[in-house]
file upload-v1.cif (mmCIF, C-alpha atoms)
data_entry
loop_
_atom_site.label_atom_id
_atom_site.label_comp_id
_atom_site.auth_asym_id
_atom_site.auth_seq_id
_atom_site.Cartn_x
_atom_site.Cartn_y
_atom_site.Cartn_z
CA MET W 70 -68.58 -119.26 106.78
CA ARG W 71 -66.97 -115.91 106.16
CA ALA W 72 -69.97 -114.13 107.66
CA ILE W 73 -69.74 -116.33 110.77
CA ALA W 74 -66.02 -115.60 111.04
CA ASP W 75 -66.70 -111.86 110.76
CA ILE W 76 -69.32 -112.10 113.52
CA ASP W 77 -66.92 -114.03 115.74
CA SER W 78 -64.13 -111.51 115.20
CA SER W 79 -66.52 -108.65 115.93
CA LEU W 80 -67.68 -110.31 119.14
CA LEU W 81 -64.08 -110.93 120.10
CA ARG W 82 -63.22 -107.28 119.60
CA GLN W 83 -66.21 -106.28 121.70
CA VAL W 84 -65.14 -108.64 124.48
CA ARG W 85 -61.59 -107.29 124.39
CA ARG W 86 -62.86 -103.72 124.46
CA ARG W 87 -65.14 -104.40 127.43
CA ARG W 88 -62.35 -106.24 129.21
CA ALA W 89 -60.02 -103.30 128.67
CA GLN W 90 -62.64 -100.90 130.02
CA VAL W 91 -63.19 -103.01 133.13
CA ARG W 92 -59.44 -103.27 133.65
CA ALA W 93 -59.06 -99.50 133.25
CA TRP W 94 -61.80 -98.77 135.80
CA TRP W 95 -60.36 -101.29 138.23
CA HIS W 96 -56.93 -99.68 137.87
CA THR W 97 -58.50 -96.27 138.47
CA LEU W 98 -60.20 -97.47 141.66
CA GLN W 99 -56.95 -99.00 142.93
CA MET W 100 -54.99 -95.85 142.18
CA ALA W 101 -57.70 -93.72 143.80
CA ALA W 102 -57.59 -95.76 146.99
CA GLN W 103 -53.79 -95.58 147.12
CA ILE W 104 -53.70 -91.83 146.46
CA VAL W 105 -56.34 -91.20 149.13
CA VAL W 106 -54.29 -93.19 151.62
CA LEU W 107 -51.25 -91.10 150.72
CA MET W 108 -53.28 -87.92 151.18
CA LEU W 109 -54.32 -89.01 154.66
CA SER W 110 -50.85 -90.16 155.69
CA PRO W 111 -48.89 -87.59 157.79
CA SER W 112 -45.59 -88.92 156.44
CA SER W 113 -46.51 -87.60 152.99
CA TYR W 114 -46.18 -84.01 154.22
CA THR W 115 -42.76 -84.19 155.85
CA GLY W 116 -39.36 -83.34 154.45
CA PRO W 117 -38.97 -82.20 150.84
CA ARG W 118 -42.47 -83.41 149.94
CA ALA W 119 -44.02 -80.51 151.86
CA ARG W 120 -42.19 -78.02 149.64
CA GLN W 121 -43.31 -79.89 146.52
CA VAL W 122 -46.92 -79.90 147.69
CA LEU W 123 -46.90 -76.16 148.41
CA SER W 124 -45.27 -75.31 145.08
CA HIS W 125 -47.82 -77.39 143.17
CA LEU W 126 -50.67 -75.75 145.10
CA VAL W 127 -49.48 -72.30 144.07
CA VAL W 128 -48.92 -73.34 140.45
CA ALA W 129 -52.36 -74.97 140.26
CA VAL W 130 -54.38 -72.12 141.79
CA TRP W 131 -52.69 -68.79 141.16
CA PRO W 132 -52.59 -68.73 137.31
CA MET W 133 -56.23 -69.87 137.04
CA LEU W 134 -57.74 -67.76 139.82
CA PRO W 135 -58.20 -64.37 138.08
CA TRP W 136 -59.48 -65.82 134.80
CA PHE W 137 -61.81 -68.25 136.51
CA LEU W 138 -63.34 -65.58 138.75
CA VAL W 139 -63.86 -63.25 135.79
CA LEU W 140 -65.40 -65.99 133.66
CA SER W 141 -67.61 -67.29 136.47
CA ALA W 142 -68.74 -63.73 137.26
CA LEU W 143 -69.75 -63.14 133.64
CA ILE W 144 -71.63 -66.43 133.44
CA SER W 145 -73.30 -65.72 136.79
CA LEU W 146 -74.41 -62.28 135.60
CA VAL W 147 -76.04 -63.76 132.53
CA ILE W 148 -77.82 -66.51 134.47
CA ILE W 149 -78.94 -64.14 137.23
CA ARG W 150 -80.35 -61.70 134.72
CA ILE W 151 -82.19 -64.41 132.80
CA VAL W 152 -83.72 -65.96 135.94
CA THR W 153 -84.76 -62.66 137.54
CA ALA W 154 -86.26 -61.29 134.31
CA THR W 155 -88.13 -64.53 133.62
CA ALA W 156 -89.46 -64.74 137.18
CA ALA W 157 -90.60 -61.10 137.09
CA SER W 158 -92.41 -61.58 133.79
CA TYR W 159 -94.44 -64.45 135.27
CA GLY W 160 -95.01 -62.77 138.63
CA LEU W 161 -92.77 -65.26 140.49
CA SER W 162 -90.07 -62.90 141.74
CA GLN W 163 -90.36 -64.31 145.27
CA TYR W 164 -88.97 -67.63 143.99
CA ALA W 165 -86.13 -66.20 141.90
CA LEU W 166 -83.57 -66.13 144.73
CA GLU W 167 -84.15 -69.75 145.71
CA VAL W 168 -83.93 -70.86 142.09
CA LEU W 169 -80.67 -68.96 141.64
CA VAL W 170 -79.06 -70.37 144.76
CA ARG W 171 -80.10 -73.93 143.97
CA THR W 172 -79.14 -73.91 140.29
CA LEU W 173 -76.15 -71.58 140.24
CA VAL W 174 -74.42 -72.03 143.59
CA LEU W 175 -75.37 -75.60 144.45
CA GLU W 176 -75.24 -77.23 141.02
CA LEU W 177 -73.53 -75.29 138.24
CA ILE W 178 -70.57 -73.64 139.98
CA PRO W 179 -69.02 -76.81 141.52
CA LEU W 180 -69.34 -78.64 138.21
CA PHE W 181 -67.91 -75.68 136.31
CA ALA W 182 -64.98 -75.43 138.74
CA ALA W 183 -64.24 -79.15 138.42
CA LEU W 184 -64.26 -79.06 134.62
CA PHE W 185 -62.17 -75.89 134.53
CA VAL W 186 -59.47 -77.33 136.79
CA ALA W 187 -59.53 -80.63 134.91
CA LEU W 188 -59.01 -79.01 131.51
CA ARG W 189 -56.51 -76.35 132.59
CA HIS W 190 -54.40 -78.23 135.14
CA ALA W 191 -55.23 -81.86 135.95
CA MET W 192 -55.31 -83.35 132.46
CA PRO W 193 -52.25 -81.46 131.12
CA GLY W 194 -50.36 -82.50 134.26
CA ALA W 195 -51.42 -86.11 133.78
CA GLU W 196 -50.24 -86.00 130.16
CA GLN W 197 -46.86 -84.68 131.31
CA LEU W 198 -46.62 -87.57 133.77
CA ARG W 199 -47.38 -90.08 131.02
CA GLN W 200 -44.72 -88.54 128.80
CA GLN W 201 -42.21 -88.85 131.63
CA LEU W 202 -43.11 -92.50 132.15
CA ASP W 203 -42.85 -93.15 128.40
CA ALA W 204 -39.42 -91.52 128.23
CA ARG W 205 -38.32 -93.52 131.27
CA GLN W 206 -39.51 -96.74 129.66
CA ARG W 207 -37.85 -95.97 126.33
CA ALA W 208 -34.59 -95.34 128.18
CA GLY W 209 -34.82 -98.82 129.70
CA ARG W 210 -35.24 -97.54 133.24
CA HIS W 211 -37.48 -99.15 135.83
CA ILE W 212 -41.06 -97.87 136.14
CA PRO W 213 -41.79 -97.52 139.86
CA GLY W 214 -45.07 -98.39 141.49
CA ILE W 215 -47.30 -96.12 143.52
CA ALA W 216 -44.76 -95.94 146.34
CA GLY W 217 -42.06 -94.79 143.94
CA LEU W 218 -44.35 -92.26 142.26
CA VAL W 219 -45.60 -90.69 145.49
CA GLY W 220 -43.34 -87.67 145.02
CA THR W 221 -44.97 -87.03 141.63
CA LEU W 222 -48.57 -88.15 142.17
CA LEU W 223 -49.30 -86.69 145.60
CA PRO W 224 -48.46 -83.02 144.90
CA ARG W 225 -50.37 -83.07 141.62
CA ALA W 226 -53.41 -84.74 143.18
CA LEU W 227 -53.50 -82.38 146.16
CA ALA W 228 -53.08 -79.35 143.93
CA SER W 229 -55.96 -80.35 141.66
CA GLY W 230 -58.29 -81.20 144.54
CA HIS W 231 -57.45 -78.01 146.42
CA ALA W 232 -57.98 -75.92 143.28
CA VAL W 233 -61.48 -77.32 142.76
CA VAL W 234 -62.54 -76.62 146.35
CA LEU W 235 -61.04 -73.12 146.41
CA LEU W 236 -62.40 -72.01 143.04
CA ALA W 237 -65.87 -73.40 143.77
CA SER W 238 -65.98 -71.64 147.14
CA LEU W 239 -64.79 -68.27 145.85
CA SER W 240 -67.03 -68.30 142.78
CA GLY W 241 -70.01 -69.25 144.96
CA VAL W 242 -69.39 -66.20 147.14
CA VAL W 243 -69.03 -64.02 144.03
CA ALA W 244 -72.31 -65.36 142.65
CA LEU W 245 -74.14 -64.62 145.91
CA VAL W 246 -72.76 -61.07 146.01
CA LEU W 247 -73.71 -60.44 142.38
CA THR W 248 -77.21 -61.79 143.02
CA TYR W 249 -77.70 -59.35 145.88
CA LEU W 250 -76.39 -56.41 143.85
CA LEU W 251 -78.58 -57.18 140.83
CA VAL W 252 -81.72 -57.80 142.88
CA HIS W 253 -81.39 -55.17 145.65
CA GLY W 254 -78.69 -52.82 144.38
CA PHE W 255 -76.25 -51.22 146.83
CA SER W 256 -78.84 -50.76 149.57
CA PRO W 257 -77.84 -52.48 152.85
CA TRP W 258 -81.43 -52.68 154.15
CA ALA W 259 -82.27 -55.89 152.31
CA LEU W 260 -79.25 -57.75 153.69
CA PRO W 261 -81.03 -59.39 156.68
CA SER W 262 -83.86 -60.77 154.53
CA TYR W 263 -81.39 -61.83 151.83
CA THR W 264 -79.20 -63.78 154.25
CA HIS W 265 -82.32 -65.33 155.78
CA ASP W 266 -83.57 -66.52 152.38
CA VAL W 267 -80.16 -67.89 151.41
CA GLY W 268 -79.75 -69.61 154.76
CA ARG W 269 -83.16 -71.20 154.36
CA VAL W 270 -81.97 -72.86 151.16
CA PHE W 271 -78.82 -74.17 152.86
CA SER W 272 -80.54 -76.59 155.21
CA PRO W 273 -78.33 -79.10 157.07
CA VAL W 274 -79.06 -81.85 154.56
CA VAL W 275 -78.50 -79.63 151.52
CA SER W 276 -75.30 -78.24 153.04
CA LEU W 277 -73.98 -81.74 153.74
CA ILE W 278 -74.76 -82.89 150.20
CA PHE W 279 -73.11 -79.77 148.78
CA VAL W 280 -69.93 -80.34 150.81
CA LEU W 281 -69.80 -84.03 149.88
CA LYS W 282 -70.41 -83.31 146.20
CA THR W 283 -67.64 -80.71 146.09
CA ALA W 284 -65.30 -83.10 147.91
CA PHE W 285 -66.03 -85.94 145.48
CA PHE W 286 -65.65 -83.58 142.52
CA SER W 287 -62.22 -82.54 143.79
CA LEU W 288 -61.26 -86.16 144.43
CA ALA W 289 -62.33 -87.20 140.93
CA VAL W 290 -60.37 -84.38 139.28
CA ALA W 291 -57.35 -85.17 141.44
CA VAL W 292 -57.34 -88.94 140.88
CA VAL W 293 -58.94 -89.98 137.58
CA PRO W 294 -56.54 -88.19 135.17
CA LEU W 295 -53.47 -89.34 137.13
CA ALA W 296 -54.75 -92.91 137.30
CA GLY W 297 -55.24 -92.94 133.54
CA ALA W 298 -51.76 -91.50 132.99
CA ALA W 299 -50.11 -94.13 135.19
CA GLU W 300 -51.98 -97.00 133.51
CA PRO W 301 -50.01 -98.92 130.85
CA ASP W 302 -51.76 -100.00 127.67
CA GLU W 303 -52.42 -103.59 126.66
CA HIS W 304 -48.80 -103.91 125.54
CA GLY W 305 -47.43 -102.56 128.83
CA ARG W 306 -46.39 -99.24 127.27
CA TYR W 307 -47.03 -95.62 128.23
CA ARG W 308 -47.56 -94.11 124.82
CA ALA W 309 -49.78 -91.04 124.51
CA HIS W 310 -53.48 -91.81 124.45
CA SER W 311 -56.55 -89.86 123.42
CA ASP W 312 -57.48 -86.83 125.51
CA MET W 313 -61.14 -87.45 124.71
CA THR W 314 -60.97 -90.88 126.32
CA ALA W 315 -59.48 -89.44 129.50
CA PHE W 316 -62.01 -86.60 129.55
CA ALA W 317 -64.93 -88.98 128.94
CA ARG W 318 -63.83 -91.14 131.87
CA LEU W 319 -63.55 -88.12 134.16
CA PHE W 320 -66.84 -86.62 132.97
CA SER W 321 -68.67 -89.90 133.59
CA VAL W 322 -67.45 -89.87 137.21
CA LEU W 323 -68.49 -86.24 137.66
CA LEU W 324 -71.87 -87.00 136.10
CA MET W 325 -72.47 -89.90 138.49
CA VAL W 326 -71.65 -87.67 141.48
CA GLU W 327 -73.94 -84.95 140.14
CA VAL W 328 -76.83 -87.40 139.63
CA ALA W 329 -76.36 -88.74 143.16
CA SER W 330 -76.42 -85.21 144.60
CA LEU W 331 -79.56 -84.34 142.64
CA ALA W 332 -81.24 -87.49 143.93
CA GLY W 333 -80.27 -86.59 147.49
CA ASN W 334 -81.51 -82.99 147.20
CA TYR W 335 -84.79 -83.47 145.38
CA TYR W 336 -86.01 -87.03 146.00
#

call {"tool": "encode", "arguments": {"input": "upload-v1.cif", "output": "structure tokens"}}
result
Amino acid sequence: MRAIADIDSSLLRQVRRRRAQVRAWWHTLQMAAQIVVLMLSPSSYTGPRARQVLSHLVVAVWPMLPWFLVLSALISLVIIRIVTATAASYGLSQYALEVLVRTLVLELIPLFAALFVALRHAMPGAEQLRQQLDARQRAGRHIPGIAGLVGTLLPRALASGHAVVLLASLSGVVALVLTYLLVHGFSPWALPSYTHDVGRVFSPVVSLIFVLKTAFFSLAVAVVPLAGAAEPDEHGRYRAHSDMTAFARLFSVLLMVEVASLAGNYY
């Protein structure tokens, strides 16, 4: 009987855990839809909100920009050197540029930019929001809904999304410039053939998938951490939760977008 009771309690815990996960994802989807509507609403950018949005954009991008470009340049140099040396050793140098553009610019850099912004700005900002909601609840004050939190959620979401797009774009340009310098040096004579080869990789379908993937990456980084921060626990409280749980939820969304983009590009 005790074994049966233990099995029942274990199944009950599993059911509660799955129910909590479904509720969390449903809350995230609802918050995402509401934040996207706020982003597309012109009234969100009038009055004092415009100043808040601009200040959050500067705070989100400017401190991270130099370090991110330096780090992405170093990583790009290592990957470019490995790919070019490996291709030359096997007599496949004519395919090295296409491999670099497809792996580095199309796949790795957007994902790296999304993770960098999430860890350095989006998730710490979401944790600050949760602490504010917890302090407000402990003080006995009313917790507003999405309409009442628009002044807090919208600037943070726009700043995170804009940071992902800007950092991915700039680091992609840096990677292309470094590829040219490492392959052809400072000679300008290879520039027409280089731009032709790069443009051949960026076909209309590949370009569309790349733009959509970057947009969905920025939307995930902008929405998922904030949705988790504004979600009360099973007791209706806003106590601090695990950063690993929030990161795992965000990474699963990014992974699904990445898998979809890979399927669109190569299948």

call {"tool": "resolve_selection", "arguments": {"input": "upload-v1.cif", "expression": "the PyMOL selection byres ((chain W and resi 166) around 9)", "output": "PyMOL selection string"}}
result
chain W and resi 152-153+162-165+167-171+248+252+263+266-267

call {"tool": "closest_residue", "arguments": {"input": "upload-v1.cif", "among": "W:Gln201, W:Phe320, W:Thr172, W:His96", "to": "Val270 (chain W)", "atoms": "all atoms listed in the file"}}
result
W:Thr172

call {"tool": "closest_residue", "arguments": {"input": "upload-v1.cif", "among": "W:Ala102, W:Leu277, W:Ala142, W:Val293", "to": "Phe316 (chain W)", "atoms": "all atoms listed in the file"}}
result
W:Val293

call {"tool": "resolve_selection", "arguments": {"input": "upload-v1.cif", "expression": "the PyMOL selection byres ((chain W and resi 291) around 9)", "output": "ChimeraX atom specification"}}
result
/W:101,187,191,225-231,233,286-290,292-295

call {"tool": "closest_residue", "arguments": {"input": "upload-v1.cif", "among": "W:Val105, W:Gly241, W:Tyr335, W:Ser112", "to": "Val274 (chain W)", "atoms": "only C-alpha atoms"}}
result
W:Tyr335

call {"tool": "closest_residue", "arguments": {"input": "upload-v1.cif", "among": "W:Val84, W:Leu239, W:Met108, W:Leu173", "to": "Leu134 (chain W)", "atoms": "only C-alpha atoms"}}
result
W:Leu239

call {"tool": "closest_residue", "arguments": {"input": "upload-v1.cif", "among": "W:Gln103, W:Ala93, W:Val174, W:Pro111", "to": "Thr314 (chain W)", "atoms": "all atoms listed in the file"}}
result
W:Ala93

call {"tool": "atom_distance", "arguments": {"input": "upload-v1.cif", "atom1": "CA of Gly254 (chain W)", "atom2": "CA of Thr155 (chain W)"}}
result
18.5 Å

call {"tool": "closest_residue", "arguments": {"input": "upload-v1.cif", "among": "W:Leu98, W:Ala259, W:Ile151, W:Val130", "to": "Val322 (chain W)", "atoms": "all atoms listed in the file"}}
result
W:Leu98

call {"tool": "atom_distance", "arguments": {"input": "upload-v1.cif", "atom1": "CA of Ser238 (chain W)", "atom2": "CA of Pro179 (chain W)"}}
result
8.2 Å

call {"tool": "atom_distance", "arguments": {"input": "upload-v1.cif", "atom1": "CA of Val128 (chain W)", "atom2": "CA of Val234 (chain W)"}}
result
15.2 Å

call {"tool": "residues_around", "arguments": {"input": "upload-v1.cif", "residues": "His190 (chain W)", "least_positions_apart": "3", "cutoff": "9 Å", "atoms": "only C-alpha atoms", "output": "PyMOL selection string"}}
result
chain W and resi 129+133+185-187+193-195+228-229

call {"tool": "build_atoms", "arguments": {"input": "upload-v1.cif", "residues": "region 190-201 of chain W", "atoms": "all heavy atoms", "output": "PDB file, in the coordinates of the input"}}
result
ATOM      1  N   HIS W 190     -55.526 -77.808 134.304  1.00  0.00           N
ATOM      2  CA  HIS W 190     -54.400 -78.230 135.140  1.00  0.00           C
ATOM      3  C   HIS W 190     -54.270 -79.742 135.253  1.00  0.00           C
ATOM      4  O   HIS W 190     -53.183 -80.292 135.010  1.00  0.00           O
ATOM      5  CB  HIS W 190     -54.539 -77.638 136.543  1.00  0.00           C
ATOM      6  CG  HIS W 190     -53.421 -78.028 137.462  1.00  0.00           C
ATOM      7  ND1 HIS W 190     -53.520 -79.100 138.335  1.00  0.00           N
ATOM      8  CD2 HIS W 190     -52.185 -77.514 137.647  1.00  0.00           C
ATOM      9  CE1 HIS W 190     -52.383 -79.212 139.005  1.00  0.00           C
ATOM     10  NE2 HIS W 190     -51.571 -78.275 138.614  1.00  0.00           N
ATOM     11  N   ALA W 191     -55.348 -80.441 135.626  1.00  0.00           N
ATOM     12  CA  ALA W 191     -55.230 -81.860 135.950  1.00  0.00           C
ATOM     13  C   ALA W 191     -54.859 -82.700 134.733  1.00  0.00           C
ATOM     14  O   ALA W 191     -53.917 -83.507 134.777  1.00  0.00           O
ATOM     15  CB  ALA W 191     -56.533 -82.363 136.572  1.00  0.00           C
ATOM     16  N   MET W 192     -55.586 -82.539 133.630  1.00  0.00           N
ATOM     17  CA  MET W 192     -55.310 -83.350 132.460  1.00  0.00           C
ATOM     18  C   MET W 192     -53.982 -83.007 131.781  1.00  0.00           C
ATOM     19  O   MET W 192     -53.251 -83.917 131.383  1.00  0.00           O
ATOM     20  CB  MET W 192     -56.482 -83.240 131.478  1.00  0.00           C
ATOM     21  CG  MET W 192     -57.765 -83.865 132.006  1.00  0.00           C
ATOM     22  SD  MET W 192     -59.140 -83.785 130.840  1.00  0.00           S
ATOM     23  CE  MET W 192     -58.490 -84.758 129.486  1.00  0.00           C
ATOM     24  N   PRO W 193     -53.609 -81.726 131.631  1.00  0.00           N
ATOM     25  CA  PRO W 193     -52.250 -81.460 131.120  1.00  0.00           C
ATOM     26  C   PRO W 193     -51.155 -82.003 132.028  1.00  0.00           C
ATOM     27  O   PRO W 193     -50.135 -82.512 131.533  1.00  0.00           O
ATOM     28  CB  PRO W 193     -52.211 -79.923 131.044  1.00  0.00           C
ATOM     29  CG  PRO W 193     -53.626 -79.519 130.888  1.00  0.00           C
ATOM     30  CD  PRO W 193     -54.409 -80.498 131.702  1.00  0.00           C
ATOM     31  N   GLY W 194     -51.354 -81.925 133.354  1.00  0.00           N
ATOM     32  CA  GLY W 194     -50.360 -82.500 134.260  1.00  0.00           C
ATOM     33  C   GLY W 194     -50.275 -84.003 134.141  1.00  0.00           C
ATOM     34  O   GLY W 194     -49.177 -84.587 134.205  1.00  0.00           O
ATOM     35  N   ALA W 195     -51.429 -84.661 133.960  1.00  0.00           N
ATOM     36  CA  ALA W 195     -51.420 -86.110 133.780  1.00  0.00           C
ATOM     37  C   ALA W 195     -50.731 -86.504 132.472  1.00  0.00           C
ATOM     38  O   ALA W 195     -50.022 -87.511 132.416  1.00  0.00           O
ATOM     39  CB  ALA W 195     -52.854 -86.638 133.801  1.00  0.00           C
ATOM     40  N   GLU W 196     -50.910 -85.711 131.429  1.00  0.00           N
ATOM     41  CA  GLU W 196     -50.240 -86.000 130.160  1.00  0.00           C
ATOM     42  C   GLU W 196     -48.725 -85.831 130.295  1.00  0.00           C
ATOM     43  O   GLU W 196     -47.951 -86.607 129.715  1.00  0.00           O
ATOM     44  CB  GLU W 196     -50.781 -85.082 129.068  1.00  0.00           C
ATOM     45  CG  GLU W 196     -50.272 -85.395 127.673  1.00  0.00           C
ATOM     46  CD  GLU W 196     -50.630 -86.793 127.210  1.00  0.00           C
ATOM     47  OE1 GLU W 196     -51.682 -87.310 127.643  1.00  0.00           O
ATOM     48  OE2 GLU W 196     -49.863 -87.370 126.411  1.00  0.00           O
ATOM     49  N   GLN W 197     -48.289 -84.840 131.052  1.00  0.00           N
ATOM     50  CA  GLN W 197     -46.860 -84.680 131.310  1.00  0.00           C
ATOM     51  C   GLN W 197     -46.294 -85.880 132.059  1.00  0.00           C
ATOM     52  O   GLN W 197     -45.189 -86.354 131.768  1.00  0.00           O
ATOM     53  CB  GLN W 197     -46.604 -83.403 132.089  1.00  0.00           C
ATOM     54  CG  GLN W 197     -46.863 -82.133 131.308  1.00  0.00           C
ATOM     55  CD  GLN W 197     -46.653 -80.891 132.157  1.00  0.00           C
ATOM     56  OE1 GLN W 197     -46.305 -80.969 133.327  1.00  0.00           O
ATOM     57  NE2 GLN W 197     -46.864 -79.723 131.554  1.00  0.00           N
ATOM     58  N   LEU W 198     -47.059 -86.382 133.038  1.00  0.00           N
ATOM     59  CA  LEU W 198     -46.620 -87.570 133.770  1.00  0.00           C
ATOM     60  C   LEU W 198     -46.496 -88.775 132.853  1.00  0.00           C
ATOM     61  O   LEU W 198     -45.521 -89.533 132.943  1.00  0.00           O
ATOM     62  CB  LEU W 198     -47.615 -87.863 134.897  1.00  0.00           C
ATOM     63  CG  LEU W 198     -47.385 -89.165 135.680  1.00  0.00           C
ATOM     64  CD1 LEU W 198     -46.042 -89.140 136.395  1.00  0.00           C
ATOM     65  CD2 LEU W 198     -48.527 -89.397 136.667  1.00  0.00           C
ATOM     66  N   ARG W 199     -47.446 -88.945 131.946  1.00  0.00           N
ATOM     67  CA  ARG W 199     -47.380 -90.080 131.020  1.00  0.00           C
ATOM     68  C   ARG W 199     -46.183 -89.944 130.083  1.00  0.00           C
ATOM     69  O   ARG W 199     -45.535 -90.947 129.753  1.00  0.00           O
ATOM     70  CB  ARG W 199     -48.678 -90.191 130.239  1.00  0.00           C
ATOM     71  CG  ARG W 199     -48.809 -91.509 129.473  1.00  0.00           C
ATOM     72  CD  ARG W 199     -50.199 -91.710 128.938  1.00  0.00           C
ATOM     73  NE  ARG W 199     -50.333 -93.005 128.297  1.00  0.00           N
ATOM     74  CZ  ARG W 199     -50.656 -94.133 128.920  1.00  0.00           C
ATOM     75  NH1 ARG W 199     -50.854 -94.121 130.232  1.00  0.00           N
ATOM     76  NH2 ARG W 199     -50.758 -95.281 128.270  1.00  0.00           N
ATOM     77  N   GLN W 200     -45.894 -88.737 129.641  1.00  0.00           N
ATOM     78  CA  GLN W 200     -44.720 -88.540 128.800  1.00  0.00           C
ATOM     79  C   GLN W 200     -43.427 -88.863 129.556  1.00  0.00           C
ATOM     80  O   GLN W 200     -42.494 -89.446 128.990  1.00  0.00           O
ATOM     81  CB  GLN W 200     -44.693 -87.097 128.293  1.00  0.00           C
ATOM     82  CG  GLN W 200     -45.787 -86.768 127.294  1.00  0.00           C
ATOM     83  CD  GLN W 200     -45.799 -85.312 126.900  1.00  0.00           C
ATOM     84  OE1 GLN W 200     -44.977 -84.520 127.373  1.00  0.00           O
ATOM     85  NE2 GLN W 200     -46.730 -84.928 126.034  1.00  0.00           N
ATOM     86  N   GLN W 201     -43.382 -88.516 130.827  1.00  0.00           N
ATOM     87  CA  GLN W 201     -42.210 -88.850 131.630  1.00  0.00           C
ATOM     88  C   GLN W 201     -42.058 -90.355 131.790  1.00  0.00           C
ATOM     89  O   GLN W 201     -40.941 -90.892 131.683  1.00  0.00           O
ATOM     90  CB  GLN W 201     -42.313 -88.184 133.000  1.00  0.00           C
ATOM     91  CG  GLN W 201     -42.242 -86.668 132.966  1.00  0.00           C
ATOM     92  CD  GLN W 201     -42.509 -86.047 134.317  1.00  0.00           C
ATOM     93  OE1 GLN W 201     -42.685 -86.742 135.312  1.00  0.00           O
ATOM     94  NE2 GLN W 201     -42.535 -84.721 134.358  1.00  0.00           N
TER      95      GLN W 201
END
